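All remarks here apply to the structure that follows.
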Amino acid sequence: MRSIDQPDFETANIEFIEFWMQDPFIDYPAKNLVYPGTAGGKLYFNLGNISEDVLKDGKRFYENGLPTPNAPAPVENSNWGKVPINTVQVTNAFSNDPNDRKYQDIGFDGLDDTAEVNKRLAYLTQLQGMVSATAYQQALADPSNDNYHHYRGDDLDQQGLGILNRYKQFNNPEGNSPVATTGSTYSSAATLYPDAEDLNRDNTLNQTEEYFQYIVDIKPPNQPEMAIGRNFIVDKNRYP
């Protein structure tokens, strides 16, 4: 989700939305025009006021408000995890001490993986008898399924993963702002700022849901002349 800084389209004479998107169908050969009916997905545009309360608890969360050994801070428990009691985010930055990062860069629930297991023990117990052993171990390692992974890495190269799998965990918030290490050839951070339930950075938790929604089907092309360019198709019968 991304915020739109310009709210008045009419005054600014804005008539369209332009964006770049990596081609999820680039590996499909142009000659192969037979695709599963489930291939593709939907792109949503929500224009208006969107609730910033990612975890629906009515409490404003921001990562740099979590306590560390060097900077204690009061927190309260919620249905999801931990939330800073102080609702005023003084600065939009992590602690200057790199050792504090692992205590703050832990996602919107305010819990690291160990704390997630303790918080969701009843869920994990119930899940154990419902899924395979492999799936259960994955859930046990990260019950909130919020661990971040950069799209580059030797482990991904060894598995030979494609672009979709490489970006599968890129938007997750826990660990998405690692401290740069000496000798790194590139930054593995998705952002340098703490994750917070404050998309427009006005230091308040906006919970209003008031928007227009537009849906665009994004799927592999089914026409030979369009398959070469791998264009995205909008279903005009459903979304004129």
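Following the order of the structure tokens, chains are lettered A, B, ..., residues in each are numbered from 1, and ligands are numbered from 1.
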Which of range 42-189 of chain A DSSP labels strand (DSSP E or B), written as a count of residues only: 18
Please, which residues of chain A, numbered as in this document, come out alpha helix (DSSP H) from DSSP, as a VMD selection string? chain A and resid 101 to 104 113 to 119 121 to 128 133 to 141 154 to 159 163 to 166 224 to 227
Contact residues around range 111-117 of chain A with only C-alpha atoms at 7 Å, ignoring same-chain residues under 3 positions, as a count of residues only: 10
Return the single residue from A:Asn99, A:Asn49, A:Ser3, A:Thr185 that is closest to Asn70 in chain A, with distances computed using only C-alpha atoms.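 Using only C-alpha atoms, the shortest distance to Asn70 in chain A belongs to A:Asn99.
For the pair CA of Tyr44 in chain A and CA of Ala135 in chain A, the separation is 29.3 Å.
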10 Å contact set for Leu124 in chain A, only C-alpha atoms, chain neighbours under 5 positions out, as a list in words: Val117, Asn118, Lys119, Gly129, Met130, Tyr136, Gln137, Ala139, Leu140 and Pro143 of chain A
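Interatomic distance, CA of Ala190 in chain A to CA of Gly58 in chain A: 26.5 Å.
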For range 10-27 of chain A: contacts at 8 Å, only C-alpha atoms, fewer than 3 positions along chain excluded, given as a PyMOL selection string: chain A and resi 6+163-164+220+230
Can those selected residues be exported to a file as a PDB file, in the first residue's frame so that it contains N, CA and C atoms?
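Once everything was written out, this is out-v4.pdb:
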```pdb
ATOM      1  N   GLN A   6      -0.996  13.838  -3.243  1.00  0.00           N
ATOM      2  CA  GLN A   6      -1.860  14.873  -3.805  1.00  0.00           C
ATOM      3  C   GLN A   6      -3.322  14.400  -3.703  1.00  0.00           C
ATOM      4  N   ILE A 163      11.110 -14.706 -10.012  1.00  0.00           N
ATOM      5  CA  ILE A 163      10.875 -13.373  -9.476  1.00  0.00           C
ATOM      6  C   ILE A 163       9.714 -13.346  -8.482  1.00  0.00           C
ATOM      7  N   LEU A 164       8.667 -14.137  -8.713  1.00  0.00           N
ATOM      8  CA  LEU A 164       7.514 -14.114  -7.817  1.00  0.00           C
ATOM      9  C   LEU A 164       7.887 -14.631  -6.435  1.00  0.00           C
ATOM     10  N   PRO A 220      -2.278 -13.636 -17.755  1.00  0.00           N
ATOM     11  CA  PRO A 220      -1.557 -13.910 -19.008  1.00  0.00           C
ATOM     12  C   PRO A 220      -2.457 -13.661 -20.205  1.00  0.00           C
ATOM     13  N   ARG A 230       3.433  -9.392 -24.051  1.00  0.00           N
ATOM     14  CA  ARG A 230       3.050  -9.722 -22.687  1.00  0.00           C
ATOM     15  C   ARG A 230       2.293  -8.574 -22.036  1.00  0.00           C
TER      16      ARG A 230
END
```
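Going from CA of Pro194 in chain A over to CA of Pro173 in chain A, you cover 9.0 Å.
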Nearest candidate to Pro98 in chain A (options A:Leu205, A:Tyr151, A:Ile85, A:Pro69; using only C-alpha atoms):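 Of the candidates, the smallest distance to Pro98 in chain A is held by A:Pro69.
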Excluding Gln89 in chain A and its own-chain neighbours fewer than 3 positions away, which residues fall within 9 Å of it when counting only C-alpha atoms? Please give them as a VMD selection string. chain A and resid 62 64 to 65 86 92 203
From the options A:Phe9, A:Tyr193, A:Tyr186, A:Tyr148, which residue's atoms come nearest to Glu63 in chain A, counting only C-alpha atoms?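 Going through A:Phe9, A:Tyr193, A:Tyr186, A:Tyr148 one by one, the smallest distance to Glu63 in chain A is for A:Tyr193.
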Residue neighbourhood Val54 in chain A, 8 Å, only C-alpha atoms, exclusion window fewer than 3 positions, as a list in words: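 In the requested format, the answer is Ser51, Phe108 and Glu197 of chain A.
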